[in-house]
Structures are given as structure tokens and as C-alpha cells.
file query_31.txt (compact mmCIF, N, CA and C atoms)
# COMPACT_ATOMS: atom_id res chain seq x y z
N MET U 1481 85.29 30.49 82.54
CA MET U 1481 84.81 30.70 81.19
C MET U 1481 85.74 29.95 80.23
N SER U 1482 85.18 29.31 79.27
CA SER U 1482 86.00 28.55 78.33
C SER U 1482 86.65 29.48 77.32
N ASP U 1483 87.50 28.92 76.48
CA ASP U 1483 88.20 29.70 75.47
C ASP U 1483 87.32 30.04 74.26
N THR U 1484 86.11 29.54 74.24
CA THR U 1484 85.25 29.78 73.09
C THR U 1484 84.51 31.10 73.23
N VAL U 1485 83.98 31.55 72.13
CA VAL U 1485 83.18 32.77 72.10
C VAL U 1485 81.78 32.45 72.57
N ILE U 1486 81.22 33.30 73.41
CA ILE U 1486 79.84 33.15 73.85
C ILE U 1486 79.02 34.20 73.13
N GLN U 1487 77.97 33.78 72.45
CA GLN U 1487 77.13 34.72 71.73
C GLN U 1487 75.74 34.67 72.32
N GLN U 1488 75.17 35.85 72.57
CA GLN U 1488 73.82 35.94 73.10
C GLN U 1488 72.97 36.72 72.11
N ASN U 1489 71.88 36.14 71.66
CA ASN U 1489 70.97 36.81 70.74
C ASN U 1489 69.72 37.23 71.51
N ILE U 1490 69.32 38.48 71.35
CA ILE U 1490 68.14 38.99 72.02
C ILE U 1490 67.25 39.62 70.95
N THR U 1491 65.99 39.23 70.91
CA THR U 1491 65.05 39.84 69.97
C THR U 1491 64.46 41.07 70.64
N VAL U 1492 64.52 42.20 69.95
CA VAL U 1492 63.99 43.45 70.50
C VAL U 1492 62.61 43.72 69.93
N LYS U 1493 61.89 44.71 70.51
CA LYS U 1493 60.49 44.96 70.18
C LYS U 1493 60.20 45.12 68.69
N ASP U 1494 61.06 45.82 67.97
CA ASP U 1494 60.77 46.08 66.56
C ASP U 1494 61.09 44.87 65.67
N GLY U 1495 61.45 43.76 66.26
CA GLY U 1495 61.72 42.55 65.48
C GLY U 1495 63.19 42.39 65.13
N GLY U 1496 64.00 43.38 65.43
CA GLY U 1496 65.43 43.30 65.15
C GLY U 1496 66.13 42.38 66.12
N GLN U 1497 67.38 42.17 65.89
CA GLN U 1497 68.19 41.32 66.76
C GLN U 1497 69.31 42.13 67.39
N LEU U 1498 69.51 41.97 68.65
CA LEU U 1498 70.66 42.52 69.35
C LEU U 1498 71.58 41.35 69.63
N VAL U 1499 72.81 41.42 69.17
CA VAL U 1499 73.75 40.32 69.35
C VAL U 1499 74.88 40.80 70.24
N THR U 1500 75.11 40.11 71.32
CA THR U 1500 76.23 40.40 72.20
C THR U 1500 77.21 39.25 72.11
N VAL U 1501 78.46 39.58 71.87
CA VAL U 1501 79.49 38.56 71.77
C VAL U 1501 80.49 38.81 72.89
N LEU U 1502 80.73 37.80 73.67
CA LEU U 1502 81.69 37.90 74.77
C LEU U 1502 82.87 37.00 74.48
N LYS U 1503 84.06 37.51 74.70
CA LYS U 1503 85.26 36.70 74.56
C LYS U 1503 85.94 36.66 75.92
N HIS U 1504 86.66 35.63 76.14
CA HIS U 1504 87.41 35.52 77.39
C HIS U 1504 88.38 36.69 77.49
N SER U 1505 88.56 37.23 78.68
CA SER U 1505 89.38 38.43 78.88
C SER U 1505 90.82 38.27 78.41
N LYS U 1506 91.33 37.05 78.38
CA LYS U 1506 92.71 36.88 77.94
C LYS U 1506 92.88 37.26 76.47
N TYR U 1507 91.79 37.21 75.68
CA TYR U 1507 91.86 37.59 74.27
C TYR U 1507 91.80 39.10 74.08
N LEU U 1508 91.20 39.81 75.03
CA LEU U 1508 91.06 41.26 74.89
C LEU U 1508 92.39 41.97 74.86
N THR U 1509 93.37 41.46 75.57
CA THR U 1509 94.68 42.10 75.58
C THR U 1509 95.38 41.97 74.24
N LYS U 1510 94.97 41.02 73.43
CA LYS U 1510 95.57 40.82 72.12
C LYS U 1510 94.83 41.61 71.03
N MET U 1511 93.67 42.15 71.38
CA MET U 1511 92.85 42.87 70.41
C MET U 1511 92.95 44.37 70.68
N SER U 1512 92.98 45.15 69.63
CA SER U 1512 92.97 46.59 69.80
C SER U 1512 91.56 47.00 70.21
N HIS U 1513 91.44 47.67 71.34
CA HIS U 1513 90.12 48.10 71.78
C HIS U 1513 90.25 49.36 72.63
N TYR U 1514 89.16 50.07 72.75
CA TYR U 1514 89.07 51.25 73.59
C TYR U 1514 87.61 51.43 73.98
N ARG U 1515 87.39 52.24 75.00
CA ARG U 1515 86.03 52.51 75.45
C ARG U 1515 85.61 53.88 74.93
N ILE U 1516 84.38 53.97 74.48
CA ILE U 1516 83.78 55.25 74.08
C ILE U 1516 82.71 55.56 75.12
N PHE U 1517 82.64 56.81 75.56
CA PHE U 1517 81.68 57.17 76.59
C PHE U 1517 80.49 57.91 75.98
N ASN U 1518 79.30 57.50 76.38
CA ASN U 1518 78.07 58.03 75.81
C ASN U 1518 77.97 59.55 75.90
N GLU U 1519 78.25 60.11 77.07
CA GLU U 1519 78.11 61.55 77.24
C GLU U 1519 79.08 62.31 76.36
N GLY U 1520 80.30 61.83 76.27
CA GLY U 1520 81.28 62.48 75.40
C GLY U 1520 80.88 62.39 73.95
N MET U 1521 80.39 61.22 73.53
CA MET U 1521 79.97 61.05 72.15
C MET U 1521 78.74 61.92 71.86
N ALA U 1522 77.83 62.04 72.83
CA ALA U 1522 76.65 62.89 72.64
C ALA U 1522 77.07 64.34 72.45
N GLN U 1523 78.10 64.76 73.17
CA GLN U 1523 78.61 66.12 73.03
C GLN U 1523 79.18 66.34 71.63
N VAL U 1524 79.91 65.37 71.13
CA VAL U 1524 80.48 65.46 69.78
C VAL U 1524 79.36 65.53 68.75
N ILE U 1525 78.41 64.62 68.85
CA ILE U 1525 77.34 64.53 67.86
C ILE U 1525 76.46 65.78 67.85
N SER U 1526 76.22 66.36 69.02
CA SER U 1526 75.33 67.52 69.10
C SER U 1526 76.03 68.83 68.77
N ASP U 1527 77.33 68.82 68.58
CA ASP U 1527 78.07 70.04 68.27
C ASP U 1527 77.82 70.45 66.82
N LYS U 1528 77.09 71.51 66.64
CA LYS U 1528 76.68 71.95 65.30
C LYS U 1528 77.82 72.58 64.50
N ASP U 1529 78.94 72.91 65.15
CA ASP U 1529 80.08 73.50 64.46
C ASP U 1529 80.94 72.47 63.75
N LEU U 1530 80.81 71.21 64.14
CA LEU U 1530 81.65 70.16 63.55
C LEU U 1530 81.11 69.74 62.19
N THR U 1531 82.00 69.63 61.24
CA THR U 1531 81.64 69.19 59.89
C THR U 1531 81.90 67.70 59.75
N GLN U 1532 81.48 67.15 58.64
CA GLN U 1532 81.75 65.74 58.36
C GLN U 1532 83.26 65.49 58.35
N GLN U 1533 83.99 66.43 57.81
CA GLN U 1533 85.45 66.35 57.78
C GLN U 1533 86.02 66.29 59.19
N ASP U 1534 85.48 67.12 60.10
CA ASP U 1534 85.94 67.12 61.50
C ASP U 1534 85.66 65.78 62.17
N PHE U 1535 84.47 65.22 61.90
CA PHE U 1535 84.13 63.90 62.45
C PHE U 1535 85.11 62.84 61.95
N LYS U 1536 85.41 62.87 60.66
CA LYS U 1536 86.35 61.90 60.10
C LYS U 1536 87.70 61.98 60.79
N VAL U 1537 88.19 63.19 60.97
CA VAL U 1537 89.50 63.36 61.62
C VAL U 1537 89.43 62.89 63.07
N LEU U 1538 88.38 63.30 63.80
CA LEU U 1538 88.28 62.89 65.20
C LEU U 1538 88.21 61.37 65.34
N PHE U 1539 87.40 60.73 64.52
CA PHE U 1539 87.28 59.27 64.63
C PHE U 1539 88.56 58.57 64.20
N HIS U 1540 89.29 59.15 63.27
CA HIS U 1540 90.59 58.59 62.91
C HIS U 1540 91.54 58.68 64.10
N VAL U 1541 91.53 59.84 64.76
CA VAL U 1541 92.41 60.04 65.92
C VAL U 1541 92.05 59.03 67.02
N VAL U 1542 90.76 58.92 67.34
CA VAL U 1542 90.33 57.99 68.40
C VAL U 1542 90.68 56.56 68.01
N ASN U 1543 90.41 56.19 66.78
CA ASN U 1543 90.66 54.82 66.34
C ASN U 1543 92.14 54.47 66.33
N ASN U 1544 93.00 55.46 66.20
CA ASN U 1544 94.44 55.20 66.11
C ASN U 1544 95.23 55.67 67.34
N MET U 1545 94.52 56.04 68.40
CA MET U 1545 95.24 56.47 69.60
C MET U 1545 95.93 55.28 70.25
N GLU U 1546 97.00 55.59 70.93
CA GLU U 1546 97.78 54.57 71.62
C GLU U 1546 97.35 54.53 73.08
N TRP U 1547 98.06 53.75 73.87
CA TRP U 1547 97.77 53.60 75.29
C TRP U 1547 97.75 54.96 75.97
N ASP U 1548 96.87 55.13 76.93
CA ASP U 1548 96.67 56.39 77.68
C ASP U 1548 96.22 57.53 76.77
N ASN U 1549 95.51 57.20 75.70
CA ASN U 1549 94.88 58.17 74.81
C ASN U 1549 95.87 59.05 74.04
N ILE U 1550 97.08 58.57 73.85
CA ILE U 1550 98.11 59.32 73.13
C ILE U 1550 97.93 59.08 71.63
N PHE U 1551 98.06 60.15 70.86
CA PHE U 1551 97.98 60.05 69.41
C PHE U 1551 99.19 60.77 68.81
N GLN U 1552 99.96 60.05 67.99
CA GLN U 1552 101.16 60.60 67.37
C GLN U 1552 101.17 60.26 65.88
N GLN U 1553 100.54 61.08 65.10
CA GLN U 1553 100.59 60.90 63.65
C GLN U 1553 100.68 62.30 63.05
N SER U 1554 101.44 62.42 62.00
CA SER U 1554 101.54 63.72 61.35
C SER U 1554 100.24 64.02 60.61
N GLN U 1555 100.00 65.30 60.39
CA GLN U 1555 98.81 65.70 59.64
C GLN U 1555 98.86 65.18 58.21
N VAL U 1556 100.05 65.07 57.67
CA VAL U 1556 100.21 64.50 56.33
C VAL U 1556 99.75 63.04 56.31
N ALA U 1557 100.14 62.28 57.34
CA ALA U 1557 99.74 60.87 57.43
C ALA U 1557 98.23 60.74 57.60
N ILE U 1558 97.64 61.63 58.41
CA ILE U 1558 96.18 61.62 58.59
C ILE U 1558 95.50 61.92 57.25
N ALA U 1559 96.01 62.94 56.57
CA ALA U 1559 95.44 63.34 55.27
C ALA U 1559 95.49 62.18 54.28
N GLU U 1560 96.61 61.49 54.23
CA GLU U 1560 96.74 60.35 53.32
C GLU U 1560 95.76 59.24 53.69
N ALA U 1561 95.65 58.94 54.98
CA ALA U 1561 94.76 57.87 55.43
C ALA U 1561 93.30 58.18 55.14
N LEU U 1562 92.93 59.45 55.23
CA LEU U 1562 91.53 59.85 55.03
C LEU U 1562 91.25 60.39 53.63
N GLU U 1563 92.28 60.39 52.80
CA GLU U 1563 92.17 60.93 51.44
C GLU U 1563 91.64 62.37 51.46
N MET U 1564 92.29 63.18 52.30
CA MET U 1564 91.94 64.59 52.46
C MET U 1564 93.18 65.43 52.16
N GLN U 1565 93.00 66.71 52.03
CA GLN U 1565 94.12 67.63 51.88
C GLN U 1565 94.65 67.98 53.27
N GLN U 1566 95.96 68.11 53.41
CA GLN U 1566 96.58 68.40 54.70
C GLN U 1566 96.06 69.70 55.32
N PRO U 1567 95.85 70.79 54.56
CA PRO U 1567 95.31 72.01 55.19
C PRO U 1567 93.92 71.79 55.81
N ASN U 1568 93.12 70.91 55.22
CA ASN U 1568 91.81 70.60 55.79
C ASN U 1568 91.94 69.81 57.10
N VAL U 1569 92.92 68.91 57.14
CA VAL U 1569 93.19 68.17 58.38
C VAL U 1569 93.64 69.16 59.46
N SER U 1570 94.50 70.09 59.08
CA SER U 1570 94.98 71.09 60.02
C SER U 1570 93.83 71.91 60.61
N LYS U 1571 92.90 72.32 59.76
CA LYS U 1571 91.73 73.09 60.23
C LYS U 1571 90.89 72.25 61.20
N SER U 1572 90.69 70.98 60.86
CA SER U 1572 89.91 70.11 61.73
C SER U 1572 90.61 69.89 63.07
N MET U 1573 91.92 69.66 63.03
CA MET U 1573 92.66 69.47 64.28
C MET U 1573 92.56 70.70 65.17
N LYS U 1574 92.70 71.89 64.57
CA LYS U 1574 92.58 73.13 65.35
C LYS U 1574 91.20 73.24 65.98
N LYS U 1575 90.17 72.90 65.22
CA LYS U 1575 88.80 72.97 65.75
C LYS U 1575 88.61 71.97 66.89
N LEU U 1576 89.13 70.75 66.73
CA LEU U 1576 89.00 69.73 67.77
C LEU U 1576 89.74 70.12 69.03
N ILE U 1577 90.85 70.84 68.87
CA ILE U 1577 91.58 71.35 70.03
C ILE U 1577 90.77 72.45 70.71
N GLU U 1578 90.21 73.37 69.93
CA GLU U 1578 89.38 74.45 70.49
C GLU U 1578 88.19 73.89 71.26
N LYS U 1579 87.61 72.80 70.75
CA LYS U 1579 86.44 72.18 71.39
C LYS U 1579 86.84 71.30 72.58
N ASP U 1580 88.14 71.13 72.80
CA ASP U 1580 88.70 70.35 73.90
C ASP U 1580 88.42 68.85 73.77
N PHE U 1581 88.29 68.36 72.54
CA PHE U 1581 88.18 66.93 72.32
C PHE U 1581 89.56 66.29 72.28
N ILE U 1582 90.55 67.06 71.89
CA ILE U 1582 91.95 66.63 71.92
C ILE U 1582 92.80 67.79 72.42
N ARG U 1583 93.99 67.49 72.89
CA ARG U 1583 94.95 68.50 73.34
C ARG U 1583 96.34 68.15 72.84
N ILE U 1584 97.12 69.18 72.61
CA ILE U 1584 98.54 68.97 72.32
C ILE U 1584 99.24 68.84 73.66
N ILE U 1585 99.98 67.75 73.85
CA ILE U 1585 100.66 67.55 75.13
C ILE U 1585 102.17 67.60 74.98
N GLY U 1586 102.65 67.77 73.78
CA GLY U 1586 104.10 67.85 73.55
C GLY U 1586 104.38 67.74 72.07
N ASN U 1587 105.65 67.52 71.75
CA ASN U 1587 106.00 67.32 70.36
C ASN U 1587 107.28 66.50 70.27
N ILE U 1588 107.41 65.87 69.14
CA ILE U 1588 108.62 65.14 68.81
C ILE U 1588 109.11 65.76 67.51
N GLY U 1589 110.18 66.52 67.60
CA GLY U 1589 110.62 67.28 66.45
C GLY U 1589 109.57 68.32 66.11
N ARG U 1590 109.11 68.29 64.87
CA ARG U 1590 108.07 69.23 64.45
C ARG U 1590 106.66 68.64 64.54
N GLN U 1591 106.56 67.40 64.96
CA GLN U 1591 105.27 66.71 65.02
C GLN U 1591 104.67 66.82 66.42
N ASN U 1592 103.42 67.26 66.50
CA ASN U 1592 102.73 67.35 67.78
C ASN U 1592 102.35 65.97 68.29
N VAL U 1593 102.30 65.86 69.60
CA VAL U 1593 101.78 64.67 70.26
C VAL U 1593 100.49 65.11 70.94
N TYR U 1594 99.42 64.35 70.71
CA TYR U 1594 98.10 64.72 71.19
C TYR U 1594 97.61 63.74 72.25
N ARG U 1595 96.65 64.18 73.03
CA ARG U 1595 95.91 63.28 73.93
C ARG U 1595 94.43 63.49 73.65
N VAL U 1596 93.71 62.40 73.51
CA VAL U 1596 92.26 62.43 73.32
C VAL U 1596 91.60 62.60 74.70
N SER U 1597 90.56 63.39 74.74
CA SER U 1597 89.85 63.63 76.00
C SER U 1597 89.38 62.33 76.63
N PRO U 1598 89.69 62.13 77.93
CA PRO U 1598 89.20 60.93 78.60
C PRO U 1598 87.69 60.98 78.84
N TYR U 1599 87.06 62.12 78.58
CA TYR U 1599 85.60 62.20 78.64
C TYR U 1599 84.97 61.59 77.39
N LEU U 1600 85.75 61.48 76.34
CA LEU U 1600 85.26 60.95 75.07
C LEU U 1600 85.58 59.47 74.93
N ALA U 1601 86.83 59.09 75.23
CA ALA U 1601 87.25 57.70 75.03
C ALA U 1601 88.38 57.37 76.00
N LEU U 1602 88.60 56.09 76.18
CA LEU U 1602 89.69 55.64 77.05
C LEU U 1602 90.33 54.40 76.46
N LYS U 1603 91.65 54.49 76.29
CA LYS U 1603 92.43 53.31 75.91
C LYS U 1603 93.49 53.16 76.99
N SER U 1604 93.09 52.56 78.06
CA SER U 1604 93.93 52.37 79.23
C SER U 1604 93.19 51.45 80.18
N ARG U 1605 93.78 51.19 81.32
CA ARG U 1605 93.09 50.41 82.34
C ARG U 1605 92.01 51.29 82.98
N ALA U 1606 90.92 50.67 83.40
CA ALA U 1606 89.81 51.41 84.00
C ALA U 1606 90.27 52.21 85.21
N LYS U 1607 91.22 51.67 85.97
CA LYS U 1607 91.68 52.38 87.17
C LYS U 1607 92.42 53.67 86.82
N ASN U 1608 92.84 53.84 85.58
CA ASN U 1608 93.54 55.06 85.16
C ASN U 1608 92.59 56.18 84.75
N LEU U 1609 91.29 55.88 84.66
CA LEU U 1609 90.35 56.90 84.20
C LEU U 1609 90.28 58.08 85.16
N ALA U 1610 90.11 57.84 86.44
CA ALA U 1610 89.97 58.96 87.39
C ALA U 1610 91.19 59.87 87.38
N PRO U 1611 92.42 59.34 87.43
CA PRO U 1611 93.58 60.24 87.35
C PRO U 1611 93.65 61.00 86.02
N MET U 1612 93.26 60.33 84.92
CA MET U 1612 93.29 61.02 83.63
C MET U 1612 92.27 62.16 83.59
N LEU U 1613 91.08 61.92 84.16
CA LEU U 1613 90.07 62.98 84.22
C LEU U 1613 90.58 64.14 85.07
N GLY U 1614 91.22 63.82 86.20
CA GLY U 1614 91.78 64.85 87.06
C GLY U 1614 92.84 65.66 86.34
N ASP U 1615 93.73 65.00 85.62
CA ASP U 1615 94.74 65.69 84.85
C ASP U 1615 94.11 66.58 83.77
N TRP U 1616 93.08 66.05 83.11
CA TRP U 1616 92.41 66.80 82.04
C TRP U 1616 91.77 68.07 82.60
N ASP U 1617 91.18 67.96 83.81
CA ASP U 1617 90.52 69.09 84.43
C ASP U 1617 91.45 69.97 85.24
N GLY U 1618 92.74 69.56 85.34
CA GLY U 1618 93.70 70.34 86.12
C GLY U 1618 93.54 70.16 87.61
N ILE U 1619 92.99 69.02 88.01
CA ILE U 1619 92.79 68.73 89.42
C ILE U 1619 93.76 67.64 89.83
N ALA U 1620 94.54 67.90 90.85
CA ALA U 1620 95.50 66.91 91.33
C ALA U 1620 94.75 65.77 91.99
N THR U 1621 95.15 64.55 91.68
CA THR U 1621 94.55 63.37 92.30
C THR U 1621 95.62 62.62 93.07
N ALA U 1622 95.21 61.96 94.12
CA ALA U 1622 96.15 61.22 94.95
C ALA U 1622 96.42 59.85 94.41

call {"tool": "encode", "arguments": {"input": "query_31.txt", "output": "C-alpha cells"}}
result
Amino acid sequence: MSDTVIQQNITVKDGGQLVTVLKHSKYLTKMSHYRIFNEGMAQVISDKDLTQQDFKVLFHVVNNMEWDNIFQQSQVAIAEALEMQQPNVSKSMKKLIEKDFIRIIGNIGRQNVYRVSPYLALKSRAKNLAPMLGDWDGIATA
């Protein structure tokens, strides 16, 4: 594959256009990216308890997670980024933890360190998905 971008345009039934853009894999390592899983996203979307505020916080967390789905930002920083009040961020984080979309896996000082559910998204190598799912479910993997 050459170093150029390959673009594929497909016309769909309703007259719209579906555009797929492929880049050489060597560029993907330089770009921030993660995978979102349909079933996990469907679970989030269909959850009637989640508010718009909860969605904003969850998508901020997913968008800013680090390698292996780790997220380390204070609630104050989240509140500033989303132009929300910190107590509202705290309520949303608690709800997302209760729903098992994120988990607290430790802390640094007074700041929690979170992990995003690997059923929802993955920012890691594909081969790490199965062990992460096993860890999330409490199942030891070889």
C-alpha cells in the first residue's frame, strides 16, 4: 500500500454517500484512535437512566482514555473541559461506575484512576482484548 490516502465512495439506496478512508497502518500509530463496540454502545444508548450529562461525561472519558483503557483526570478537570459543575460530574461518574461502564482501579494521591469497560471501547492492541475482558469479568486467562 502506498503512503497516500485511499478513499472509497459508495452510493447507498437513499442517495446518500458512504465514504471510507483508509490510511496506511504506519500512520495509525501516530494518530489517537480507539475502537468502539456496537453492543457496548447499544447498551449505553438504550439505558434510560443515563442523562445527557452522563453521556457527555462518558464520551469525554472514552475520548481521553489512555492505553489499556486507563483514564486519569480529576473531576475538576472534567468539569472544566465540559463546562459543567464538579458535583454534577461526580454524580455522573458514580452512575457510570454503578452501570459498570467504568471502574475505579486505583488512585494517585486523592485522584482516582479509572478503566473504561473493554465491552464498550478498546485503546490497546487487539490481542489484549481477550485478557482485558477476562480481567473485567474476573476470569483468569492464560

call {"tool": "closest_residue", "arguments": {"input": "query_31.txt", "among": "U:Gln1533, U:Gln1552, U:Ile1516, U:Phe1539", "to": "Gln1591 (chain U)", "atoms": "all atoms listed in the file"}}
result
U:Gln1552

call {"tool": "closest_atom_pairs", "arguments": {"input": "query_31.txt", "of": "region 1517-1556 of chain U", "to": "region 1571-1574 of chain U", "cutoff": "8 Å", "atoms": "all atoms listed in the file", "output": "Markdown table"}}
result
| residue | atom | partner | partner_atom | distance |
| --- | --- | --- | --- | --- |
| U:Thr1531 | N | U:Ser1572 | CA | 7.9 |
| U:Gln1533 | C | U:Ser1572 | CA | 6.0 |
| U:Asp1534 | CA | U:Ser1572 | CA | 5.0 |
| U:Phe1535 | N | U:Ser1572 | CA | 7.3 |
| U:Val1537 | CA | U:Ser1572 | CA | 6.8 |
| U:Leu1538 | N | U:Ser1572 | C | 7.0 |

call {"tool": "closest_residue", "arguments": {"input": "query_31.txt", "among": "U:Val1542, U:Leu1530, U:Asn1592, U:Lys1603", "to": "Lys1575 (chain U)", "atoms": "all atoms listed in the file"}}
result
U:Leu1530

call {"tool": "select_by_dssp", "arguments": {"input": "query_31.txt", "residues": "region 1540-1593 of chain U", "states": "strand (DSSP E or B)", "output": "ChimeraX atom specification"}}
result
/U:1550-1551,1582-1588,1591-1593

call {"tool": "atom_distance", "arguments": {"input": "query_31.txt", "atom1": "CA of Tyr1514 (chain U)", "atom2": "CA of Ala1601 (chain U)"}}
result
6.9 Å

call {"tool": "atom_distance", "arguments": {"input": "query_31.txt", "atom1": "CA of Ile1550 (chain U)", "atom2": "atom N of Arg1595 (chain U)"}}
result
5.1 Å

call {"tool": "atom_distance", "arguments": {"input": "query_31.txt", "atom1": "atom C of Arg1605 (chain U)", "atom2": "atom N of Asn1518 (chain U)"}}
result
15.6 Å

call {"tool": "residues_near_point", "arguments": {"input": "query_31.txt", "point": "(96.3, 63.0, 64.9)", "cutoff": "7 Å", "atoms": "only N, CA and C atoms", "output": "number ranges by chain"}}
result
U: 1540-1541, 1551-1555, 1558, 1594

call {"tool": "closest_residue", "arguments": {"input": "query_31.txt", "among": "U:Met1564, U:Val1596, U:Phe1581, U:Leu1602", "to": "Arg1515 (chain U)", "atoms": "only N, CA and C atoms"}}
result
U:Leu1602
